[in-house]
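What follows is a set of notes on a single structure, which appears directly below.
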Amino acid sequence: MQTLPLVIVNPASARGTTGREWPSLAHALATHFGPFNCAFTTSAGESTIIAAREARAGRRFIIACGGDGTINEVANGILEAGAEGTELGILPSGTGGDFRRTLRVPSRANDAARLLRTGRTRTIDAGRVTYVNHAGETESRFFLGVSSCGLSGKVIEHVKRDKGVWIPGSLGSRIPGGGKLSFAAATLRSTLSSDNTDVLIKLDDRAERRLRVANFCVANARYFGGGMKIAPDAKINDGRFDCIVIGDLSAIDILSNGYKLYTGAHLNLEQVYQAHARVVSIRPAKAAEHVALEVDGELPGRLPASFEILPNALRVRCPA
């Protein structure tokens, strides 16, 4: 059994900032946390492979150093390994920071390192989504934050096209140089150039409904899109998803109320609905229509997709 914590570092995170700043991050860890082992990734998806291997070998504490994509990969590795005794830690060094916001993990390295030593262990829910990948095959993966379709998928396509290389079908495809400014600019372009989408949605054992939506989110956590508080009431340990429907709003309505997405004040808008479910399925109303699926800030495939909540699936180090 491995006794020291393992830090999995994605040096390409935040357009290479993580790699450049690793000496200071390592110093903060050594000073405020203590001794650790380290592994650097060199390719997309490698964090998942390393985390799964180490969790199966008995590593009790695995820390993700990077952004939301790195956290997602490490969590996927732990969950794939079925290692209930392995705990996830977060040393933030990415650009979006959506999942750490929900957990209230500080962004400063010294504070985050201290939290890794003094924080408490919480057991949180995870989501599992099954979808069609870019090769046309059915595939499943885990997520901790938010999965969505509609405008959000088009926004991420714009951000990836403008700021980085999108690797279709890759578990680790990321948004280099993301953050609020990139997402805001991409949201403006996407909103003005996109039409709303007709989808068929089923929540638990309720009847399937046809809806015309600007965006549909299945949320385990509260934030997505570089700081948007899309699911302000979401709890990561309540055994259910918060499903947020942004309905058939016009581009002007979406843009004029965009600030409400960042503050979580959008739930009182007309054409915005919230529901809770443990199992969710969504498919295009027109079977041949390609509707991209976003999962924790990545674009792994398209609809149809089905979601299930996995209660108490993952141990995570959180503020006391």
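Chain labels A, B, ... are given in the sequence in which chains occur in the structure tokens; within each chain residues are numbered consecutively from 1, and ligands are likewise numbered from 1 in the order shown.
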
Residues within 7 Å of Asn215 (chain A), only C-alpha atoms, excluding chain neighbours under 5 positions, as a PyMOL selection string: chain A and resi 149-152+245-247

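Close contacts of region 63-77 of chain A, defined as residues with an atom at most 6 Å away when counting only C-alpha atoms, with chain neighbours fewer than 5 positions off set aside, comprise Val7, Ile8, Val9, Asn10, Ser13, Ser47, Thr48, Ala51, Ala52, Leu88, Gly89, Ile90, Leu91, Pro92, Ser93, Gly94 and Phe142 of chain A.
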
Between CA of Tyr131 (chain A) and CA of Lys235 (chain A) - distance in Å to one decimal: 24.2 Å

Can you write out as CSV which residues of region 196-305 of chain A fall within 8 Å of region 98-116 of chain A, alongside each residue's closest atom pair and its distance in Å to one decimal, counting only C-alpha atoms and ordering rows by chain and ascending residue number?
```
residue,atom,partner,partner_atom,distance
A:Ala221,CA,A:Thr102,CA,6.2
A:Arg222,CA,A:Thr102,CA,5.9
A:Tyr223,CA,A:Asp98,CA,5.1
A:Phe224,CA,A:Asp98,CA,5.5
A:Gly225,CA,A:Asp98,CA,7.5
A:Gly226,CA,A:Asp98,CA,6.1
A:Gly227,CA,A:Asp98,CA,5.8
```

Distance of CA of Glu46 (chain A) from CA of Leu314 (chain A), expressed in Å to one decimal place: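 CA of Glu46 (chain A) lies 19.8 Å from CA of Leu314 (chain A).
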
Pairwise distance for CA of Ala81 (chain A) and CA of Arg56 (chain A), rounded to one decimal in Å: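 That distance, rounded to one decimal, is 5.9 Å.
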
DSSP-assigned strand (DSSP E) among region 52-120 of chain A, expressed as a VMD selection string: chain A and resid 61 to 66 87 to 92 120

Nearest to Met228 (chain A), chosen from A:Gly34, A:Pro5, A:Gly96, A:Gly127, with only C-alpha atoms counted in the distances: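 Of the candidates, the smallest distance to Met228 (chain A) is held by A:Gly96.
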
Contacts of Asn237 (chain A) at 8 Å (only C-alpha atoms; same-chain gap of 6+ positions) as a list in words: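 Surrounding residues, per the criterion: Thr123, Ile124, Asp125, Pro311 and Asn312 of chain A.
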
Contacts of Ala285 (chain A) at 7 Å (only C-alpha atoms; same-chain gap of 5+ positions) as a PDB file with N, CA and C atoms, in the first residue's frame:
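out_33.pdb was written with the following content:
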```pdb
ATOM      1  N   ASP A 198     -35.044  21.673 -29.743  1.00  0.00           N
ATOM      2  CA  ASP A 198     -36.176  20.850 -29.313  1.00  0.00           C
ATOM      3  C   ASP A 198     -35.647  19.507 -28.816  1.00  0.00           C
ATOM      4  N   VAL A 199     -35.980  19.184 -27.557  1.00  0.00           N
ATOM      5  CA  VAL A 199     -35.504  17.941 -26.953  1.00  0.00           C
ATOM      6  C   VAL A 199     -36.649  17.233 -26.238  1.00  0.00           C
ATOM      7  N   LEU A 200     -36.454  15.949 -25.992  1.00  0.00           N
ATOM      8  CA  LEU A 200     -37.384  15.135 -25.214  1.00  0.00           C
ATOM      9  C   LEU A 200     -36.690  14.766 -23.916  1.00  0.00           C
TER      10      LEU A 200
END
```

Residues within 7 Å of Thr197 (chain A), only C-alpha atoms, excluding chain neighbours under 4 positions, as a list in words: Gly150, Arg212, Val213 and Ala214 of chain A

DSSP helix (DSSP H, G or I) selection over region 82-119 of chain A, as a count of residues only: 16

Residue nearest Gly297 (chain A) - candidates A:Gly85, A:Gly145, A:Gly136, A:Pro11, atoms counted: only C-alpha atoms: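 So, comparing all the options, the nearest one is A:Gly145.
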
Closest of A:Ala231, A:Val279, A:Ile50, A:Ala39 to Leu261 (chain A) - atom-to-atom distances counting only C-alpha atoms: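 Checking each of A:Ala231, A:Val279, A:Ile50, A:Ala39 against Leu261 (chain A), counting only C-alpha atoms, the winner is A:Ala231.
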